[in-house]
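Dumped my_file.cif below, it's mmCIF, C-alpha atoms:
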```cif
data_work
loop_
_atom_site.group_PDB
_atom_site.id
_atom_site.type_symbol
_atom_site.label_atom_id
_atom_site.label_comp_id
_atom_site.auth_asym_id
_atom_site.auth_seq_id
_atom_site.Cartn_x
_atom_site.Cartn_y
_atom_site.Cartn_z
ATOM 1 C CA THR E 1 173.079 86.228 99.009
ATOM 2 C CA ARG E 2 171.790 88.824 101.442
ATOM 3 C CA PHE E 3 175.223 90.491 101.667
ATOM 4 C CA THR E 4 175.560 90.587 97.863
ATOM 5 C CA SER E 5 172.078 92.057 97.513
ATOM 6 C CA GLN E 6 172.792 94.759 100.114
ATOM 7 C CA LEU E 7 176.172 95.522 98.549
ATOM 8 C CA ILE E 8 174.606 95.963 95.106
ATOM 9 C CA HIS E 9 171.926 98.234 96.580
ATOM 10 C CA PHE E 10 174.584 100.259 98.432
ATOM 11 C CA LEU E 11 176.782 100.624 95.332
ATOM 12 C CA ASP E 12 173.792 101.603 93.185
ATOM 13 C CA ASP E 13 173.013 104.351 95.686
ATOM 14 C CA VAL E 14 176.619 105.581 95.963
ATOM 15 C CA PHE E 15 177.217 105.722 92.203
ATOM 16 C CA ALA E 16 173.772 106.986 91.179
ATOM 17 C CA PRO E 17 173.781 110.198 89.100
ATOM 18 C CA SER E 18 173.028 113.154 91.362
ATOM 19 C CA VAL E 19 172.462 116.893 91.394
ATOM 20 C CA THR E 20 172.394 119.388 94.268
ATOM 21 C CA LYS E 21 169.706 122.089 94.286
ATOM 22 C CA HIS E 22 169.291 125.243 96.351
ATOM 23 C CA ALA E 23 165.824 124.260 97.540
ATOM 24 C CA THR E 24 163.729 122.882 100.381
ATOM 25 C CA MET E 25 162.350 119.340 100.365
ATOM 26 C CA VAL E 26 159.276 118.391 102.391
ATOM 27 C CA ASP E 27 156.998 115.378 102.721
ATOM 28 C CA VAL E 28 153.415 116.651 102.464
ATOM 29 C CA PHE E 29 150.683 114.020 102.863
ATOM 30 C CA GLY E 30 153.144 111.408 101.605
ATOM 31 C CA ILE E 31 154.065 113.384 98.468
ATOM 32 C CA GLY E 32 157.669 114.536 98.170
ATOM 33 C CA VAL E 33 157.520 118.249 97.336
ATOM 34 C CA LEU E 34 160.632 120.103 96.184
ATOM 35 C CA LEU E 35 160.275 123.838 96.850
ATOM 36 C CA LEU E 36 162.330 125.971 94.463
ATOM 37 C CA GLY E 37 162.687 129.728 94.159
ATOM 38 C CA LYS E 38 165.082 132.613 94.489
ATOM 39 C CA SER E 39 166.779 133.240 97.793
ATOM 40 C CA GLY E 40 164.439 135.051 100.191
ATOM 41 C CA VAL E 41 161.178 134.129 98.407
ATOM 42 C CA GLY E 42 159.949 132.132 101.426
ATOM 43 C CA LYS E 43 160.827 128.465 100.867
ATOM 44 C CA SER E 44 162.000 127.909 104.440
ATOM 45 C CA GLU E 45 159.103 129.869 105.952
ATOM 46 C CA CYS E 46 156.661 127.789 103.903
ATOM 47 C CA ALA E 47 158.359 124.604 105.106
ATOM 48 C CA LEU E 48 158.246 125.875 108.708
ATOM 49 C CA GLU E 49 154.483 126.382 108.487
ATOM 50 C CA LEU E 50 154.123 122.919 106.924
ATOM 51 C CA LEU E 51 156.051 121.490 109.907
ATOM 52 C CA GLU E 52 153.580 123.220 112.226
ATOM 53 C CA ARG E 53 150.846 121.437 110.279
ATOM 54 C CA ARG E 54 152.529 118.056 111.028
ATOM 55 C CA HIS E 55 154.318 117.490 107.730
ATOM 56 C CA ARG E 56 157.998 116.512 107.536
ATOM 57 C CA LEU E 57 161.240 118.183 106.514
ATOM 58 C CA VAL E 58 163.707 116.250 104.382
ATOM 59 C CA ALA E 59 166.212 119.029 103.681
ATOM 60 C CA ASP E 60 166.552 122.798 103.669
ATOM 61 C CA ASP E 61 168.891 124.966 101.608
ATOM 62 C CA LEU E 62 170.905 122.154 99.958
ATOM 63 C CA VAL E 63 168.972 119.198 98.576
ATOM 64 C CA GLU E 64 170.822 116.318 96.946
ATOM 65 C CA ILE E 65 168.737 114.454 94.383
ATOM 66 C CA LYS E 66 169.809 111.016 93.153
ATOM 67 C CA LYS E 67 168.482 109.129 90.154
ATOM 68 C CA ILE E 68 168.038 105.641 91.564
ATOM 69 C CA ASP E 69 166.553 104.142 88.397
ATOM 70 C CA GLU E 70 164.897 105.365 85.195
ATOM 71 C CA SER E 71 161.839 106.766 86.975
ATOM 72 C CA LEU E 72 162.879 107.281 90.603
ATOM 73 C CA LEU E 73 164.411 110.418 92.120
ATOM 74 C CA ILE E 74 165.308 110.373 95.815
ATOM 75 C CA ALA E 75 166.094 113.572 97.729
ATOM 76 C CA THR E 76 168.274 113.765 100.826
ATOM 77 C CA GLY E 77 169.839 116.549 102.813
ATOM 78 C CA SER E 78 173.441 117.430 103.346
ATOM 79 C CA PRO E 79 174.934 115.406 106.236
ATOM 80 C CA ILE E 80 176.294 118.647 107.717
ATOM 81 C CA LEU E 81 172.999 120.597 107.534
ATOM 82 C CA LYS E 82 170.824 117.601 108.440
ATOM 83 C CA HIS E 83 167.560 118.602 110.160
ATOM 84 C CA HIS E 84 168.555 122.286 110.327
ATOM 85 C CA MET E 85 166.829 125.284 108.772
ATOM 86 C CA GLU E 86 167.776 128.910 108.336
ATOM 87 C CA ILE E 87 164.950 131.323 109.072
ATOM 88 C CA ARG E 88 165.770 134.955 108.302
ATOM 89 C CA GLY E 89 165.465 137.079 111.421
ATOM 90 C CA LEU E 90 165.579 133.994 113.652
ATOM 91 C CA GLY E 91 168.724 132.200 112.558
ATOM 92 C CA ILE E 92 169.504 128.479 112.440
ATOM 93 C CA ILE E 93 167.082 126.077 114.094
ATOM 94 C CA ASN E 94 167.237 122.322 114.649
ATOM 95 C CA VAL E 95 163.893 121.026 113.402
ATOM 96 C CA LYS E 96 164.208 117.621 115.071
ATOM 97 C CA ASP E 97 164.908 119.198 118.479
ATOM 98 C CA ILE E 98 162.091 121.753 118.239
ATOM 99 C CA PHE E 99 159.324 119.747 116.539
ATOM 100 C CA GLY E 100 160.372 116.218 117.472
ATOM 101 C CA ILE E 101 161.498 113.166 115.542
ATOM 102 C CA ARG E 102 158.148 112.909 113.722
ATOM 103 C CA SER E 103 158.922 116.157 111.868
ATOM 104 C CA VAL E 104 161.915 114.903 109.855
ATOM 105 C CA ARG E 105 162.731 112.335 107.181
ATOM 106 C CA ASN E 106 166.135 111.360 105.876
ATOM 107 C CA ARG E 107 165.009 110.572 102.315
ATOM 108 C CA LYS E 108 161.953 111.074 100.155
ATOM 109 C CA ARG E 109 160.952 110.467 96.555
ATOM 110 C CA VAL E 110 160.623 113.688 94.504
ATOM 111 C CA GLU E 111 157.087 113.695 93.076
ATOM 112 C CA LEU E 112 156.218 117.385 92.709
ATOM 113 C CA VAL E 113 158.258 120.523 92.098
ATOM 114 C CA VAL E 114 156.734 123.784 93.349
ATOM 115 C CA THR E 115 158.493 126.929 92.190
ATOM 116 C CA LEU E 116 157.757 129.957 94.369
ATOM 117 C CA GLU E 117 158.202 133.334 92.695
ATOM 118 C CA GLU E 118 157.345 136.944 93.479
ATOM 119 C CA TRP E 119 153.953 137.899 92.038
ATOM 120 C CA ASP E 120 154.359 139.570 88.632
ATOM 121 C CA ASN E 121 151.314 141.574 87.465
ATOM 122 C CA GLU E 122 152.543 141.294 83.874
ATOM 123 C CA LYS E 123 152.626 137.493 83.957
ATOM 124 C CA GLU E 124 149.645 135.232 83.261
ATOM 125 C CA TYR E 125 149.398 132.471 85.871
ATOM 126 C CA ASP E 126 147.586 129.159 85.354
ATOM 127 C CA ARG E 127 144.049 129.402 86.675
ATOM 128 C CA LEU E 128 142.540 126.163 85.365
ATOM 129 C CA GLY E 129 145.200 123.487 85.790
ATOM 130 C CA LEU E 130 144.329 121.761 82.514
ATOM 131 C CA GLU E 131 147.889 121.822 81.218
ATOM 132 C CA GLU E 132 150.394 119.511 82.837
ATOM 133 C CA ASN E 133 153.787 121.148 83.312
ATOM 134 C CA TYR E 134 156.958 119.201 83.978
ATOM 135 C CA MET E 135 160.516 119.956 84.997
ATOM 136 C CA LYS E 136 163.348 117.698 83.921
ATOM 137 C CA VAL E 137 165.485 116.580 86.847
ATOM 138 C CA LEU E 138 168.293 114.213 85.852
ATOM 139 C CA ASP E 139 166.362 113.423 82.633
ATOM 140 C CA ILE E 140 163.197 112.455 84.534
ATOM 141 C CA ASP E 141 160.013 114.512 84.112
ATOM 142 C CA VAL E 142 158.574 115.670 87.445
ATOM 143 C CA ALA E 143 155.202 117.444 87.740
ATOM 144 C CA GLN E 144 155.833 121.165 88.252
ATOM 145 C CA LEU E 145 153.749 124.115 89.455
ATOM 146 C CA THR E 146 154.601 127.801 89.692
ATOM 147 C CA ILE E 147 153.009 129.547 92.661
ATOM 148 C CA PRO E 148 153.150 133.346 92.809
ATOM 149 C CA VAL E 149 153.909 134.758 96.254
ATOM 150 C CA ARG E 150 152.544 138.019 97.629
ATOM 151 C CA PRO E 151 151.341 139.254 101.028
ATOM 152 C CA GLY E 152 148.064 137.691 102.085
ATOM 153 C CA ARG E 153 148.456 134.427 100.159
ATOM 154 C CA ASN E 154 148.637 131.340 102.350
ATOM 155 C CA ILE E 155 151.368 129.468 100.477
ATOM 156 C CA PRO E 156 151.568 126.448 102.846
ATOM 157 C CA ILE E 157 147.860 125.692 102.325
ATOM 158 C CA ILE E 158 148.328 126.018 98.555
ATOM 159 C CA VAL E 159 151.280 123.595 98.739
ATOM 160 C CA GLU E 160 149.187 121.154 100.819
ATOM 161 C CA THR E 161 146.387 121.339 98.265
ATOM 162 C CA ALA E 162 148.860 120.843 95.407
ATOM 163 C CA ALA E 163 150.216 117.716 97.133
ATOM 164 C CA LEU E 164 146.711 116.314 97.648
ATOM 165 C CA ASN E 165 145.843 117.094 94.024
ATOM 166 C CA GLN E 166 149.012 115.295 92.917
ATOM 167 C CA ARG E 167 147.959 112.238 94.948
ATOM 168 C CA LEU E 168 144.599 112.270 93.170
ATOM 169 C CA LYS E 169 146.303 112.510 89.777
ATOM 170 C CA LYS E 170 148.397 109.459 90.660
ATOM 171 C CA LEU E 171 145.099 107.652 91.275
ATOM 172 C CA GLY E 172 143.798 108.778 87.870
ATOM 173 C CA ILE E 173 141.556 111.589 89.121
ATOM 174 C CA ASN E 174 142.113 114.985 87.483
ATOM 175 C CA SER E 175 139.716 117.573 88.962
ATOM 176 C CA ALA E 176 140.374 120.235 86.322
ATOM 177 C CA GLN E 177 139.867 117.772 83.464
ATOM 178 C CA GLU E 178 136.714 116.436 85.110
ATOM 179 C CA LEU E 179 135.227 119.938 85.394
ATOM 180 C CA ASP E 180 136.207 120.728 81.799
ATOM 181 C CA ASN E 181 134.502 117.519 80.607
ATOM 182 C CA ASN E 182 131.357 118.402 82.592
ATOM 183 C CA ILE E 183 131.244 121.894 81.056
ATOM 184 C CA GLN E 184 131.780 120.497 77.547
ATOM 185 C CA GLN E 185 128.957 117.990 78.106
ATOM 186 C CA TRP E 186 126.650 120.705 79.449
ATOM 187 C CA MET E 187 127.401 122.970 76.456
ATOM 188 C CA LEU E 188 126.692 120.096 74.063
ATOM 189 C CA GLU E 189 123.357 119.357 75.770
ATOM 190 C CA GLU E 190 122.414 123.060 75.742
ATOM 191 C CA SER E 191 123.240 123.383 72.042
ATOM 192 C CA LYS E 192 121.014 120.354 71.271
ATOM 193 C CA LYS E 193 118.121 121.996 73.188
ATOM 194 C CA ASN E 194 118.440 125.180 71.149
ATOM 195 C CA VAL E 195 118.354 123.373 67.776
#
```
This entry written out as structure tokens:
Amino acid sequence: TRFTSQLIHFLDDVFAPSVTKHATMVDVFGIGVLLLGKSGVGKSECALELLERRHRLVADDLVEIKKIDESLLIATGSPILKHHMEIRGLGIINVKDIFGIRSVRNRKRVELVVTLEEWDNEKEYDRLGLEENYMKVLDIDVAQLTIPVRPGRNIPIIVETAALNQRLKKLGINSAQELDNNIQQWMLEESKKNV
């Protein structure tokens, strides 16, 4: 029975639908964060800073995502590139050798997609967080944020905060919605005073 169970699990994993993304996958406070963006936008540098802050790397450059069931996406790295990162100006580094075994993971559930893009003064970026945005990955909706990048912005701290906020949302706590409700209640009370 145990062999049959393990064989079924193995075959499910091998034949699961998959897609490969040019991205970086990190485990931030237990939330699997997929960093997307054009080449050179700073995905690897962001991940490097997150490693310094004791988070974990799953994969850099090539991330394979498998659909394990109808609501579960698991990300892994390429077996060839495993635990390696390319940092422009520095070259290839072995994360496990530099930061230790605690800095890497072989697999992680994809729970948040963060798209890094160059700051565009013509574009309106979300400032309230009331709207939930999603990206379809293998027909599964994954929470998605777009973070504009420009000198002076601390992107790793923003990614950490996004991961913590995602954890709160999983627990049913939505800070932006809570503030909006408080403001609506205050406005209602103020309008009653003025009548």
Would you compute an axis-aligned box for region 115-124 of chain E, covering every atom listed for it in the file with 8 Å of margin on each side, and report centre and edge lengths in Å to one decimal as lines of an AutoDock Vina configuration file?
```
center_x = 154.1
center_y = 134.3
center_z = 88.8
size_x = 24.8
size_y = 30.6
size_z = 27.1
```
field: Residue list as JSON, numbers by chain for point (164.5, 114.6, 99.9), cut-off 9 Å, only C-alpha atoms
entry: {"E": [24, 25, 26, 27, 32, 33, 34, 57, 58, 59, 63, 64, 65, 73, 74, 75, 76, 77, 105, 106, 107, 108, 109, 110]}
Nearby residues (all atoms listed in the file) at most 9 Å from Asp61 (chain E), same-chain spacing under 6 positions excluded, as JSON, numbers by chain: {"E": [21, 22, 23, 24, 25, 43, 44, 77, 78, 81, 85, 86]}
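Counting from CA of Glu160 (chain E), the distance to CA of Lys123 (chain E) is 23.7 Å.
Within 10 Å of the point (159.1, 135.4, 103.7), counting all atoms listed in the file, the protein and nucleic acid residues come to Ser39, Gly40, Val41, Gly42, Lys43, Ser44, Glu45, Cys46, Ile87, Arg88, Val149, Arg150 and Pro151 of chain E.
Residue membership of the PyMOL selection byres ((chain E and resi 167-172) around 12) in the shown file amounts to Val28, Phe29, Gly30, Ile31, Gly32, Val33, Glu111, Leu112, Gly129, Leu130, Glu132, Ala143, Glu160, Thr161, Ala162, Ala163, Leu164, Asn165, Gln166, Ile173, Asn174, Ser175, Ala176, Gln177 and Glu178 of chain E.
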Suppose we keep C-alpha atoms; can you now write the selection as a tab-separated table (two decimals), keeping the file's coordinate frame?
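Output file part.tsv is given in full below:
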```tsv
chain	number	residue	atom	x	y	z
E	28	VAL	CA	153.42	116.65	102.46
E	29	PHE	CA	150.68	114.02	102.86
E	30	GLY	CA	153.14	111.41	101.60
E	31	ILE	CA	154.06	113.38	98.47
E	32	GLY	CA	157.67	114.54	98.17
E	33	VAL	CA	157.52	118.25	97.34
E	111	GLU	CA	157.09	113.70	93.08
E	112	LEU	CA	156.22	117.38	92.71
E	129	GLY	CA	145.20	123.49	85.79
E	130	LEU	CA	144.33	121.76	82.51
E	132	GLU	CA	150.39	119.51	82.84
E	143	ALA	CA	155.20	117.44	87.74
E	160	GLU	CA	149.19	121.15	100.82
E	161	THR	CA	146.39	121.34	98.26
E	162	ALA	CA	148.86	120.84	95.41
E	163	ALA	CA	150.22	117.72	97.13
E	164	LEU	CA	146.71	116.31	97.65
E	165	ASN	CA	145.84	117.09	94.02
E	166	GLN	CA	149.01	115.30	92.92
E	173	ILE	CA	141.56	111.59	89.12
E	174	ASN	CA	142.11	114.98	87.48
E	175	SER	CA	139.72	117.57	88.96
E	176	ALA	CA	140.37	120.24	86.32
E	177	GLN	CA	139.87	117.77	83.46
E	178	GLU	CA	136.71	116.44	85.11
```
Could you list the residues chosen by the PyMOL selection byres ((chain E and resi 13) around 12) in this structure as a PDB file with C-alpha atoms, keeping the file's coordinate frame?
```pdb
ATOM      1  CA  GLN E   6     172.792  94.759 100.114  1.00  0.00           C
ATOM      2  CA  LEU E   7     176.172  95.522  98.549  1.00  0.00           C
ATOM      3  CA  ILE E   8     174.606  95.963  95.106  1.00  0.00           C
ATOM      4  CA  HIS E   9     171.926  98.234  96.580  1.00  0.00           C
ATOM      5  CA  PHE E  10     174.584 100.259  98.432  1.00  0.00           C
ATOM      6  CA  LEU E  11     176.782 100.624  95.332  1.00  0.00           C
ATOM      7  CA  ASP E  12     173.792 101.603  93.185  1.00  0.00           C
ATOM      8  CA  VAL E  14     176.619 105.581  95.963  1.00  0.00           C
ATOM      9  CA  PHE E  15     177.217 105.722  92.203  1.00  0.00           C
ATOM     10  CA  ALA E  16     173.772 106.986  91.179  1.00  0.00           C
ATOM     11  CA  PRO E  17     173.781 110.198  89.100  1.00  0.00           C
ATOM     12  CA  SER E  18     173.028 113.154  91.362  1.00  0.00           C
ATOM     13  CA  ILE E  65     168.737 114.454  94.383  1.00  0.00           C
ATOM     14  CA  LYS E  66     169.809 111.016  93.153  1.00  0.00           C
ATOM     15  CA  LYS E  67     168.482 109.129  90.154  1.00  0.00           C
ATOM     16  CA  ILE E  68     168.038 105.641  91.564  1.00  0.00           C
ATOM     17  CA  ASP E  69     166.553 104.142  88.397  1.00  0.00           C
ATOM     18  CA  LEU E  72     162.879 107.281  90.603  1.00  0.00           C
ATOM     19  CA  LEU E  73     164.411 110.418  92.120  1.00  0.00           C
ATOM     20  CA  ILE E  74     165.308 110.373  95.815  1.00  0.00           C
ATOM     21  CA  ALA E  75     166.094 113.572  97.729  1.00  0.00           C
ATOM     22  CA  THR E  76     168.274 113.765 100.826  1.00  0.00           C
TER      23      THR E  76
END
```
- request: Provide the CA of Asp180 (chain E) to CA of Glu131 (chain E) distance in Å, to one decimal place.
  value: 11.7 Å
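Run against this file, the PyMOL selection byres ((chain E and resi 156) around 8) gives back E:Cys46, E:Ala47, E:Glu49, E:Leu50, E:Asn154, E:Ile155, E:Ile157, E:Ile158, E:Val159, E:Glu160.
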message: If we count all atoms listed in the file and set the cut-off at 12 Å, which residues sit around Glu70 (chain E), ignoring sequence neighbours fewer than 5 positions away in its own chain? Please answer as a list in words.
response: Ala16, Pro17, Val137, Leu138, Asp139, Ile140 and Asp141 of chain E
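Take CA of Glu52 (chain E) and CA of Val104 (chain E): the distance between them is 12.0 Å.
Using all atoms listed in the file for every distance, the candidate list E:Leu128, E:Gly37, E:Ile93, E:Pro148 yields E:Leu128 as the residue closest to Leu179 (chain E).
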